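Colleague: Below is the file my_file-v3.cif, which contains mmCIF, C-alpha atoms.
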```cif
data_protein
#
loop_
_atom_site.label_atom_id
_atom_site.label_comp_id
_atom_site.auth_asym_id
_atom_site.auth_seq_id
_atom_site.Cartn_x
_atom_site.Cartn_y
_atom_site.Cartn_z
CA MET A 1 0.00 0.00 0.00
CA LYS A 2 1.13 3.55 -0.75
CA ASN A 3 3.38 5.34 1.71
CA ASP A 4 3.80 9.07 1.15
CA LYS A 5 4.93 11.60 3.76
CA LYS A 6 2.49 14.18 2.35
CA ILE A 7 -0.41 11.94 3.28
CA LYS A 8 0.41 12.27 6.99
CA LYS A 9 -1.06 15.79 7.01
CA LYS A 10 -4.35 14.65 5.49
CA VAL A 11 -7.47 13.33 7.20
CA LEU A 12 -7.25 9.53 7.34
CA VAL A 13 -9.84 6.81 7.82
CA ALA A 14 -8.68 3.88 9.94
CA PHE A 15 -10.41 0.52 10.38
CA ASP A 16 -9.93 -2.23 12.95
CA ILE A 17 -11.96 -5.05 11.41
CA GLY A 18 -12.74 -7.82 13.87
CA THR A 19 -14.97 -10.87 13.96
CA SER A 20 -17.76 -9.23 15.96
CA HIS A 21 -17.09 -5.49 15.74
CA ILE A 22 -15.50 -2.91 13.48
CA LYS A 23 -13.83 0.12 15.02
CA MET A 24 -13.35 3.21 12.85
CA THR A 25 -11.59 6.50 13.46
CA VAL A 26 -11.52 9.53 11.20
CA GLY A 27 -8.91 12.24 11.71
CA ARG A 28 -5.25 13.00 11.43
CA PHE A 29 -2.04 12.62 13.39
CA GLY A 30 -0.07 15.80 14.00
CA ASN A 31 2.09 17.42 16.68
CA ASN A 32 2.21 14.07 18.49
CA LYS A 33 -1.55 14.08 19.00
CA LEU A 34 -4.47 12.31 17.38
CA HIS A 35 -6.98 14.88 16.16
CA LEU A 36 -10.17 12.89 15.64
CA LYS A 37 -13.42 13.88 13.98
CA HIS A 38 -15.21 10.60 14.52
CA MET A 39 -14.89 7.37 16.53
CA ILE A 40 -17.35 4.77 15.25
CA THR A 41 -18.30 1.22 16.27
CA LEU A 42 -20.17 -1.12 13.93
CA GLY A 43 -21.29 -4.70 14.25
CA THR A 44 -19.46 -7.00 11.84
CA PRO A 45 -21.98 -8.95 9.72
CA GLU A 46 -22.27 -12.52 10.97
CA LYS A 47 -19.74 -15.00 9.54
CA CYS A 48 -18.22 -12.18 7.51
CA VAL A 49 -14.74 -12.11 9.06
CA ALA A 50 -12.96 -15.03 10.70
CA ASN A 51 -9.47 -14.91 12.19
CA GLY A 52 -8.60 -11.81 10.20
CA ARG A 53 -9.73 -13.26 6.88
CA ILE A 54 -12.65 -11.72 4.98
CA ARG A 55 -15.18 -14.47 4.28
CA ASP A 56 -18.05 -12.44 2.80
CA VAL A 57 -16.67 -9.39 1.02
CA GLU A 58 -20.08 -8.33 -0.34
CA ALA A 59 -21.75 -8.15 3.08
CA LEU A 60 -18.77 -6.33 4.58
CA THR A 61 -18.64 -3.87 1.70
CA GLU A 62 -22.34 -3.06 1.98
CA THR A 63 -22.06 -2.45 5.72
CA LEU A 64 -19.08 -0.12 5.38
CA LYS A 65 -20.43 1.69 2.31
CA GLU A 66 -23.26 3.10 4.40
CA VAL A 67 -20.80 4.62 6.87
CA VAL A 68 -18.46 5.92 4.16
CA THR A 69 -21.42 7.67 2.53
CA GLU A 70 -22.91 8.97 5.80
CA TYR A 71 -19.63 10.55 6.93
CA ASN A 72 -18.58 11.69 3.45
CA LEU A 73 -15.35 9.69 3.46
CA LYS A 74 -14.97 8.80 -0.23
CA ASN A 75 -11.52 9.31 -1.75
CA LYS A 76 -9.82 9.66 1.63
CA TYR A 77 -6.69 7.68 2.44
CA ALA A 78 -7.44 4.58 4.52
CA ILE A 79 -5.61 2.36 6.98
CA VAL A 80 -6.59 -1.13 8.09
CA THR A 81 -5.27 -2.90 11.17
CA PHE A 82 -6.19 -6.49 11.94
CA LYS A 83 -5.10 -9.53 13.87
CA SER A 84 -4.93 -13.18 12.92
CA SER A 85 -3.27 -16.29 14.26
CA GLY A 86 -2.20 -16.83 10.63
CA ILE A 87 0.25 -13.91 10.79
CA ILE A 88 3.72 -15.41 11.09
CA ASN A 89 6.10 -13.46 13.35
CA ARG A 90 9.75 -14.32 13.62
CA GLU A 91 12.49 -12.60 15.57
CA MET A 92 16.01 -12.34 14.20
CA THR A 93 19.24 -10.96 15.62
CA LEU A 94 21.70 -9.73 12.99
CA PRO A 95 24.93 -7.75 12.97
CA TYR A 96 24.04 -4.09 12.53
CA ASN A 97 23.88 -3.02 8.89
CA GLU A 98 22.91 0.42 7.59
CA ASP A 99 22.37 -0.85 4.03
CA LYS A 100 18.63 -1.53 3.76
CA GLY A 101 19.10 -3.54 0.55
CA SER A 102 21.51 -5.88 2.30
CA VAL A 103 19.18 -6.29 5.28
CA ASP A 104 16.27 -7.03 2.93
CA HIS A 105 18.30 -9.77 1.25
CA ILE A 106 19.44 -11.30 4.57
CA VAL A 107 15.90 -11.27 6.03
CA ASP A 108 14.50 -12.91 2.90
CA PHE A 109 17.21 -15.59 2.97
CA GLU A 110 16.80 -16.29 6.69
CA MET A 111 13.01 -16.53 6.42
CA LYS A 112 13.31 -19.08 3.63
CA GLN A 113 15.63 -21.13 5.82
CA LEU A 114 13.37 -20.90 8.87
CA MET A 115 9.98 -21.49 7.25
CA THR A 116 8.52 -24.51 5.50
CA ILE A 117 5.98 -22.33 3.65
CA ASN A 118 6.35 -20.92 0.15
CA LEU A 119 7.32 -17.30 0.83
CA ASP A 120 6.16 -16.33 -2.67
CA ASP A 121 2.62 -16.66 -1.30
CA TYR A 122 3.31 -14.18 1.49
CA VAL A 123 4.01 -10.48 1.91
CA THR A 124 6.87 -10.01 4.38
CA GLN A 125 7.81 -6.88 6.26
CA TYR A 126 10.19 -6.25 9.10
CA GLN A 127 11.04 -3.59 11.61
CA ILE A 128 14.15 -3.03 13.71
CA VAL A 129 12.90 -3.17 17.27
CA GLU A 130 16.21 -2.80 19.10
CA GLU A 131 19.85 -1.90 18.49
CA TYR A 132 22.44 -2.89 21.08
CA PHE A 133 26.11 -3.67 21.66
CA GLU A 134 27.50 -6.97 22.85
CA GLU A 135 31.24 -7.34 23.37
CA LYS A 136 31.73 -4.09 21.41
CA VAL A 137 29.85 -5.47 18.39
CA LYS A 138 26.63 -3.70 17.36
CA TYR A 139 23.60 -5.88 16.69
CA MET A 140 20.00 -5.26 15.72
CA ARG A 141 16.96 -7.22 16.75
CA ILE A 142 14.42 -7.51 13.94
CA MET A 143 10.77 -8.57 14.02
CA VAL A 144 9.62 -10.07 10.72
CA SER A 145 5.93 -10.51 9.87
CA ALA A 146 4.64 -12.62 6.99
CA ILE A 147 1.02 -12.28 5.84
CA GLU A 148 -0.64 -14.31 3.11
CA LYS A 149 -0.93 -12.32 -0.11
CA ASP A 150 -4.59 -13.14 -0.56
CA ILE A 151 -5.39 -11.57 2.84
CA VAL A 152 -3.47 -8.41 1.91
CA GLU A 153 -5.22 -8.27 -1.46
CA SER A 154 -8.66 -8.77 0.12
CA TYR A 155 -8.26 -5.68 2.33
CA TYR A 156 -6.82 -3.68 -0.56
CA ASN A 157 -9.77 -4.61 -2.77
CA LEU A 158 -12.22 -3.83 0.05
CA LEU A 159 -10.90 -0.28 0.34
CA LYS A 160 -11.04 0.18 -3.42
CA GLU A 161 -14.67 -0.99 -3.43
CA LEU A 162 -15.41 1.63 -0.77
CA HIS A 163 -13.85 4.32 -3.01
CA LEU A 164 -11.08 4.87 -0.49
CA LYS A 165 -7.36 5.16 -1.20
CA PRO A 166 -5.39 2.27 0.37
CA TYR A 167 -2.53 3.68 2.43
CA VAL A 168 -1.34 1.19 5.08
CA LEU A 169 -2.15 -2.36 6.17
CA ASP A 170 -1.09 -2.76 9.80
CA VAL A 171 -1.22 -5.56 12.36
CA HIS A 172 -2.37 -5.24 15.96
CA PHE A 173 0.92 -5.76 17.75
CA ASN A 174 2.54 -3.00 15.69
CA SER A 175 -0.45 -0.70 16.22
CA PHE A 176 -0.25 -1.22 19.98
CA ASN A 177 3.49 -0.58 19.93
CA LYS A 178 2.96 2.80 18.24
CA PHE A 179 0.18 3.69 20.67
CA ILE A 180 2.51 2.98 23.60
CA LYS A 181 5.31 5.06 22.06
CA LEU A 182 2.92 7.97 21.70
CA TYR A 183 1.62 7.49 25.24
CA ASN A 184 5.20 7.48 26.54
CA ASP A 185 6.00 10.70 24.72
CA GLN A 186 2.86 12.62 25.61
CA VAL A 187 1.41 11.31 28.86
CA SER A 188 3.60 9.23 31.13
CA LYS A 189 6.86 7.36 30.74
CA LEU A 190 6.31 3.64 31.23
CA ASN A 191 9.76 2.84 32.62
CA THR A 192 8.78 -0.77 33.13
CA THR A 193 8.06 -3.73 30.88
CA ILE A 194 4.34 -4.18 30.33
CA ALA A 195 2.10 -6.77 28.74
CA ILE A 196 -0.93 -5.55 26.81
CA VAL A 197 -3.63 -8.22 26.83
CA ASP A 198 -6.17 -7.34 24.15
CA VAL A 199 -9.17 -9.65 24.52
CA GLY A 200 -11.09 -9.89 21.25
CA TYR A 201 -14.12 -11.97 20.37
CA ASN A 202 -12.35 -15.04 18.97
CA SER A 203 -8.76 -14.44 20.01
CA THR A 204 -6.51 -12.57 22.41
CA ASP A 205 -3.37 -10.65 21.48
CA ILE A 206 -0.50 -10.33 23.94
CA SER A 207 2.12 -7.67 23.23
CA ILE A 208 5.11 -7.23 25.53
CA ILE A 209 6.63 -3.77 25.34
CA SER A 210 9.35 -2.05 27.37
CA GLY A 211 10.77 1.43 27.49
CA SER A 212 13.27 0.38 24.83
CA GLY A 213 10.54 -0.83 22.49
CA PHE A 214 8.58 -3.84 21.33
CA LYS A 215 9.71 -7.24 22.67
CA MET A 216 7.34 -9.94 21.45
CA SER A 217 3.74 -10.79 20.63
CA ARG A 218 1.53 -13.85 20.58
CA THR A 219 -2.04 -14.50 19.45
CA LEU A 220 -4.13 -16.95 21.49
CA ASN A 221 -7.15 -18.69 20.01
CA ILE A 222 -9.25 -17.84 23.07
CA GLY A 223 -11.48 -14.79 23.30
CA SER A 224 -14.55 -13.34 24.94
CA ASN A 225 -16.80 -15.56 22.80
CA VAL A 226 -16.47 -18.46 25.26
CA LEU A 227 -17.67 -16.19 28.05
CA GLU A 228 -20.54 -14.78 25.99
CA HIS A 229 -21.68 -18.26 24.95
CA MET A 230 -21.63 -19.44 28.57
CA LEU A 231 -23.73 -16.48 29.73
CA GLU A 232 -26.26 -17.04 26.98
CA GLU A 233 -26.56 -20.81 27.41
CA GLU A 234 -26.49 -21.02 31.21
CA PHE A 235 -28.04 -17.73 32.31
CA ASP A 236 -29.96 -16.56 29.23
CA ALA A 237 -28.02 -13.29 29.41
CA SER A 238 -25.93 -11.25 26.99
CA PHE A 239 -22.61 -9.48 27.51
CA ASP A 240 -24.49 -6.19 27.81
CA LYS A 241 -23.25 -4.16 30.77
CA ASP A 242 -26.73 -3.54 32.23
CA GLN A 243 -27.77 -7.19 31.86
CA MET A 244 -24.57 -8.29 33.55
CA ARG A 245 -25.18 -5.94 36.46
CA ARG A 246 -28.73 -7.22 36.98
CA LEU A 247 -27.56 -10.83 36.70
CA LEU A 248 -24.83 -10.29 39.29
CA ILE A 249 -27.35 -8.78 41.70
CA ARG A 250 -29.60 -11.84 41.43
CA ARG A 251 -27.07 -14.68 41.22
CA ALA A 252 -23.72 -13.18 42.20
CA GLU A 253 -21.84 -16.19 43.58
CA GLU A 254 -22.97 -18.60 40.87
CA VAL A 255 -22.16 -16.18 38.03
CA LYS A 256 -18.75 -15.22 39.47
CA SER A 257 -17.85 -18.89 39.88
CA ARG A 258 -18.70 -19.70 36.26
CA ILE A 259 -16.90 -16.61 34.94
CA ASN A 260 -13.83 -17.70 36.89
CA ASP A 261 -14.08 -21.21 35.37
CA VAL A 262 -14.34 -19.85 31.84
CA LEU A 263 -11.58 -17.27 32.21
CA THR A 264 -9.07 -19.66 33.81
CA PRO A 265 -7.81 -21.17 30.49
CA LEU A 266 -7.32 -17.67 29.06
CA ALA A 267 -5.46 -16.45 32.15
CA ASP A 268 -3.31 -19.59 32.13
CA GLU A 269 -2.36 -19.08 28.47
CA VAL A 270 -1.47 -15.45 29.09
CA SER A 271 0.66 -16.48 32.07
CA ASN A 272 2.43 -19.07 29.90
CA VAL A 273 3.37 -16.41 27.33
CA ILE A 274 4.73 -14.13 30.04
CA ARG A 275 6.70 -17.01 31.59
CA TYR A 276 8.14 -17.85 28.18
CA TYR A 277 9.31 -14.25 27.76
CA THR A 278 10.92 -14.11 31.22
CA SER A 279 12.62 -17.49 30.69
CA ARG A 280 14.47 -16.28 27.59
CA ASP A 281 16.78 -14.00 29.55
CA SER A 282 17.36 -13.63 33.27
CA ARG A 283 16.94 -9.86 32.86
CA ASN A 284 13.48 -10.18 31.35
CA GLU A 285 10.53 -9.42 33.56
CA VAL A 286 6.99 -8.07 33.23
CA GLN A 287 5.88 -5.66 35.94
CA LYS A 288 2.39 -4.66 34.82
CA ILE A 289 -0.48 -5.79 32.65
CA TYR A 290 -2.88 -3.61 30.69
CA VAL A 291 -6.12 -5.36 29.76
CA THR A 292 -7.94 -3.87 26.76
CA GLY A 293 -10.93 -4.72 24.61
CA SER A 294 -14.65 -4.81 25.35
CA ILE A 295 -14.04 -7.08 28.35
CA VAL A 296 -12.82 -4.09 30.39
CA ASN A 297 -16.36 -2.66 30.32
CA GLN A 298 -17.45 -5.49 32.61
CA PRO A 299 -15.84 -4.61 35.97
CA GLU A 300 -16.51 -8.00 37.53
CA VAL A 301 -15.12 -9.87 34.53
CA LYS A 302 -12.07 -7.59 34.38
CA TYR A 303 -11.45 -8.04 38.11
CA ILE A 304 -11.55 -11.85 37.92
CA LEU A 305 -9.21 -11.91 34.93
CA GLU A 306 -6.77 -9.57 36.64
CA GLU A 307 -6.87 -11.66 39.82
CA ARG A 308 -6.07 -14.82 37.87
CA LEU A 309 -3.08 -13.19 36.13
CA ASP A 310 -1.49 -12.36 39.50
CA LEU A 311 0.25 -9.18 38.30
CA PRO A 312 -0.58 -5.53 38.91
CA THR A 313 -3.02 -4.33 36.27
CA CYS A 314 -3.37 -0.79 35.03
CA SER A 315 -5.29 1.34 32.58
CA PHE A 316 -4.22 4.17 30.29
CA ASP A 317 -5.12 7.46 31.97
CA ASN A 318 -5.10 11.11 30.89
CA LEU A 319 -5.78 10.27 27.25
CA ASP A 320 -7.11 13.79 26.74
CA ARG A 321 -3.43 14.79 26.45
CA LEU A 322 -3.12 12.34 23.59
CA ILE A 323 -6.48 12.45 21.82
CA VAL A 324 -8.42 15.50 20.70
CA SER A 325 -11.87 14.28 19.65
CA SER A 326 -15.17 15.89 18.76
CA ASP A 327 -16.89 12.60 19.62
CA LYS A 328 -17.42 11.68 23.28
CA ILE A 329 -16.51 8.01 23.67
CA ASP A 330 -16.61 6.19 27.01
CA ASP A 331 -15.08 2.94 25.72
CA THR A 332 -11.73 4.29 24.48
CA SER A 333 -9.94 1.07 25.45
CA SER A 334 -11.49 -0.85 22.58
CA TYR A 335 -10.04 1.71 20.13
CA PHE A 336 -6.36 1.41 21.09
CA ALA A 337 -5.41 -0.72 18.06
CA VAL A 338 -7.07 1.53 15.51
CA LEU A 339 -5.72 4.64 17.26
CA GLY A 340 -2.22 3.18 17.12
CA ALA A 341 -2.68 2.41 13.43
CA MET A 342 -3.23 6.12 12.79
CA VAL A 343 0.12 7.02 14.34
CA ARG A 344 2.65 7.46 11.55
CA LEU A 345 6.12 7.56 13.12
#
```
Please express the file's structure as C-alpha cells.
Modeller:
Amino acid sequence: MKNDKKIKKKVLVAFDIGTSHIKMTVGRFGNNKLHLKHMITLGTPEKCVANGRIRDVEALTETLKEVVTEYNLKNKYAIVTFKSSGIINREMTLPYNEDKGSVDHIVDFEMKQLMTINLDDYVTQYQIVEEYFEEKVKYMRIMVSAIEKDIVESYYNLLKELHLKPYVLDVHFNSFNKFIKLYNDQVSKLNTTIAIVDVGYNSTDISIISGSGFKMSRTLNIGSNVLEHMLEEEFDASFDKDQMRRLLIRRAEEVKSRINDVLTPLADEVSNVIRYYTSRDSRNEVQKIYVTGSIVNQPEVKYILEERLDLPTCSFDNLDRLIVSSDKIDDTSSYFAVLGAMVRL
C-alpha cells in the first residue's frame, strides 16, 4: 500500500476489522496528537470475518459503504489494522547493517531457511525493534511478519470498493506498539516492561513492550466468545453491561464462579506467554499488565481476569493529552489498536 509523507497531514480513515465489531476512526495525526473527527463502532456482519480473513466481502462492503457515505469519506486515504493467528512473526538478531538492501536480502534468505511455507505466497515486512552492543559489536533485533498475499489483497480490494485510497495495512501488535510510544511521549513514561492483553471476540493478542521498544507478541485462540456463549446458554443473558449488572445482583456467587471457570484457560495461556518471555533471559521481567478490549467494560469480569493473572493491572489514563476528539466516547480502550494504526512515526 502507498506510503507518502504528504499523506500524513491529510485526514485519514482507519479501520480495525474484527470478527464481531468494526472500530473506525476519522482524523489526522499531527504534533504528536491524534486529532479525531469521529470514533465509530459497527457490528461486523455474521460470519463475515474469521481470524482476520474476509469471508463475505459483499456483506462487509455493503455495511461499510453506508458509513463511508454517511460521513462523506470517499476518496480519503485509509488504513486497516487487523489480527490473525495466521500472521507469522519471527524474531532475528543480525549484525548491525545500515544498508537496507543488504538487510532485505538477509531477512528474505533467513526466512526461507526458517519457514517450511512458500514465501512467494506471502508479503513479508520487518522492523528493527532494538539496536544494542555486545562485546563491542553492534547488533540489531528484527521482528519479521509474513502475511498471506490473498489476505493483503482482500483488504486492498475492500478499500477500493469503498472508493477509499489504500494507504497502510497494519497488524495489531505494531499498532499497539505505536500507541505505547505515543503514550510514553505525551502522557507518562512507562519505565517498566508491560504486557498488553487485548481480549477480542475469537482471540486474544498479547504484546510485551518495554521502554526500549517492542519485545514480542503472541495470538491466542481464546477470546470473549467463550464467556458470551456461557452467559447465553447457562443464564440466558448477553454481555451487555446492564444485563450483567442485573444478573450479578440476582445470582452473584454462581455467576462469578462460572466466569472464573471460563476465564481460567485464558489467564493460564497469558501467564504461559509471560513465563516464556521471562525465561528467555534472566533480565526479562513483566511488571504490569494492561487489559484492553470490550471485556474491560465489565468490571466483575475484568477483576476476575486480573486476579487470575497475578500481576498488577493498570489502565491508560489522561488520554485527553493524547487524543483530541469531537466525539465523546466512554469505551476508548477498545479503540487502542485503531488509534495506534493512525500514528505514523
Colleague: Identify all residues satisfying the PyMOL selection byres ((chain A and resi 228) around 10) in the given file; provide them as a compact mmCIF listing (two decimals) with C-alpha atoms, in the coordinates of the input.
Modeller:
```
# COMPACT_ATOMS: atom_id res chain seq x y z
CA TYR A 201 -14.12 -11.97 20.37
CA GLY A 223 -11.48 -14.79 23.30
CA SER A 224 -14.55 -13.34 24.94
CA ASN A 225 -16.80 -15.56 22.80
CA VAL A 226 -16.47 -18.46 25.26
CA LEU A 227 -17.67 -16.19 28.05
CA HIS A 229 -21.68 -18.26 24.95
CA MET A 230 -21.63 -19.44 28.57
CA LEU A 231 -23.73 -16.48 29.73
CA GLU A 232 -26.26 -17.04 26.98
CA GLU A 233 -26.56 -20.81 27.41
CA ALA A 237 -28.02 -13.29 29.41
CA SER A 238 -25.93 -11.25 26.99
CA PHE A 239 -22.61 -9.48 27.51
CA ASP A 240 -24.49 -6.19 27.81
CA ILE A 259 -16.90 -16.61 34.94
CA VAL A 262 -14.34 -19.85 31.84
```
Colleague: Name all residues at most 10 Å from A:Asn318 (count all atoms listed in the file; drop same-chain ones fewer than 2 positions away) and give them as JSON, numbers by chain.
Modeller: {"A": [183, 186, 187, 188, 315, 316, 320, 321, 322, 323]}
Colleague: Can I get the selected residues back with C-alpha atoms, as a PDB file, keeping the file's coordinate frame?
Modeller:
```
ATOM      1  CA  TYR A 183       1.620   7.490  25.240  1.00  0.00           C
ATOM      2  CA  GLN A 186       2.860  12.620  25.610  1.00  0.00           C
ATOM      3  CA  VAL A 187       1.410  11.310  28.860  1.00  0.00           C
ATOM      4  CA  SER A 188       3.600   9.230  31.130  1.00  0.00           C
ATOM      5  CA  SER A 315      -5.290   1.340  32.580  1.00  0.00           C
ATOM      6  CA  PHE A 316      -4.220   4.170  30.290  1.00  0.00           C
ATOM      7  CA  ASP A 320      -7.110  13.790  26.740  1.00  0.00           C
ATOM      8  CA  ARG A 321      -3.430  14.790  26.450  1.00  0.00           C
ATOM      9  CA  LEU A 322      -3.120  12.340  23.590  1.00  0.00           C
ATOM     10  CA  ILE A 323      -6.480  12.450  21.820  1.00  0.00           C
TER      11      ILE A 323
END
```
Colleague: Given only C-alpha atoms as the basis, pick out the residue of A:Met39, A:Ile295, A:Val270, A:Leu159 nearest to A:Gly27.
Modeller: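 The closest residue to A:Gly27 is A:Met39.
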Colleague: Smallest atom-to-atom distance to A:Asn51: which of A:Val103, A:Ile151, A:Val26, A:Val137, using all atoms listed in the file?
Modeller: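 Of A:Val103, A:Ile151, A:Val26, A:Val137, the one nearest A:Asn51, counting all atoms listed in the file, is A:Ile151.
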Colleague: What's around A:Glu131 at 10 Å? Count all atoms listed in the file, leave out sequence neighbours fewer than 6 positions away in its own chain, and write the answer as an MDAnalysis selection string.
Modeller: chainID A and resid 93:96 138:142 212
Colleague: The PyMOL selection byres ((chain A and resi 106) around 12) - which residues does that actually catch in the file I just gave you? List them as a list in words.
Modeller: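 When the PyMOL selection byres ((chain A and resi 106) around 12) is applied, the selected residues are Met92, Thr93, Leu94, Pro95, Tyr96, Asn97, Asp99, Lys100, Gly101, Ser102, Val103, Asp104, His105, Val107, Asp108, Phe109, Glu110, Met111, Lys112, Gln113, Tyr126, Ile142 and Val144 of chain A.
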Colleague: Go ahead and compute the interatomic distance for atom CA of A:Gly52 and atom CA of A:Ile304, in Å to one decimal.
Modeller: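 If I compute the distance from atom CA of A:Gly52 to atom CA of A:Ile304, I get 27.9 Å.
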Colleague: One decimal, Å: what's the distance from atom CA of A:Gly340 over to atom CA of A:Ser175, could you say?
Modeller: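 Atom-to-atom, atom CA of A:Gly340 to atom CA of A:Ser175, that is 4.4 Å.
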Colleague: What does the structure give for the distance between atom CA of A:Leu12 and atom CA of A:Ala78, in Å to one decimal?
Modeller: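 Atom-to-atom, atom CA of A:Leu12 and atom CA of A:Ala78 are spaced 5.7 Å apart.
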Colleague: To test your reading of the syntax: which residues would the PyMOL selection byres ((chain A and resi 119) around 12) return for the file shown? Reply as a PyMOL selection string.
Modeller: chain A and resi 88+107-118+120-125+145-149
Colleague: Under the rule that only C-alpha atoms are counted, which of A:Tyr71, A:Phe29, A:Phe173, A:Tyr132 is the nearest residue to A:Lys83?
Modeller: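 Counting only C-alpha atoms, the residue closest to A:Lys83 is A:Phe173.
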Colleague: In the coordinates of the file, take the point (-10.5, -6.3, 3.4) and a cut-off of 12 Å; then, counting only C-alpha atoms, name each qualifying protein, DNA or RNA residue as an MDAnalysis selection string.
Modeller: chainID A and resid 15:18 22 48:50 52:61 64 78:82 149:162 164 166 168:170
Colleague: Go through A:Asn191, A:Ile180, A:Glu269, A:Lys74 and flag the residue nearest A:Ile222, using only C-alpha atoms for the distances.
Modeller: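 Comparing A:Asn191, A:Ile180, A:Glu269, A:Lys74 against A:Ile222, the winner is A:Glu269.
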Colleague: Which residue out of A:Thr192, A:Ala341, A:Thr25, A:Tyr167 has the minimum interatomic distance to A:Asn75 when all atoms listed in the file are used?
Modeller: A:Tyr167
Colleague: May I have the residues within 12 Å of A:Asp268 as a ChimeraX atom specification, using all atoms listed in the file and disregarding those fewer than 6 positions away in the same chain?
Modeller: /A:220,222,260-262,274-275,305-310
Colleague: Which residues come within 10 Å of stretch 276-286 of chain A, counting all atoms listed in the file, excluding same-chain residues fewer than 2 positions away, as a PyMOL selection string?
Modeller: chain A and resi 192-195+208-210+215-217+270-274+288-289+311-312
Colleague: With all atoms listed in the file as the basis for distance, which of A:Arg245, A:Arg218, A:Arg250, A:His163 is at the shortest distance from A:Lys76?
Modeller: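 Looking at the shortest contact to A:Lys76, the residue is A:His163.
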Colleague: Near A:Ser333, counting only C-alpha atoms, which residues have an atom at most 8 Å away, once you skip same-chain residues fewer than 4 positions from it, shown as an mmCIF file with C-alpha atoms, in the coordinates of the input?
Modeller:
```cif
data_model
loop_
_atom_site.group_PDB
_atom_site.id
_atom_site.type_symbol
_atom_site.label_atom_id
_atom_site.label_comp_id
_atom_site.auth_asym_id
_atom_site.auth_seq_id
_atom_site.Cartn_x
_atom_site.Cartn_y
_atom_site.Cartn_z
ATOM 1 C CA THR A 292 -7.940 -3.870 26.760
ATOM 2 C CA GLY A 293 -10.930 -4.720 24.610
ATOM 3 C CA SER A 294 -14.650 -4.810 25.350
ATOM 4 C CA VAL A 296 -12.820 -4.090 30.390
#
```
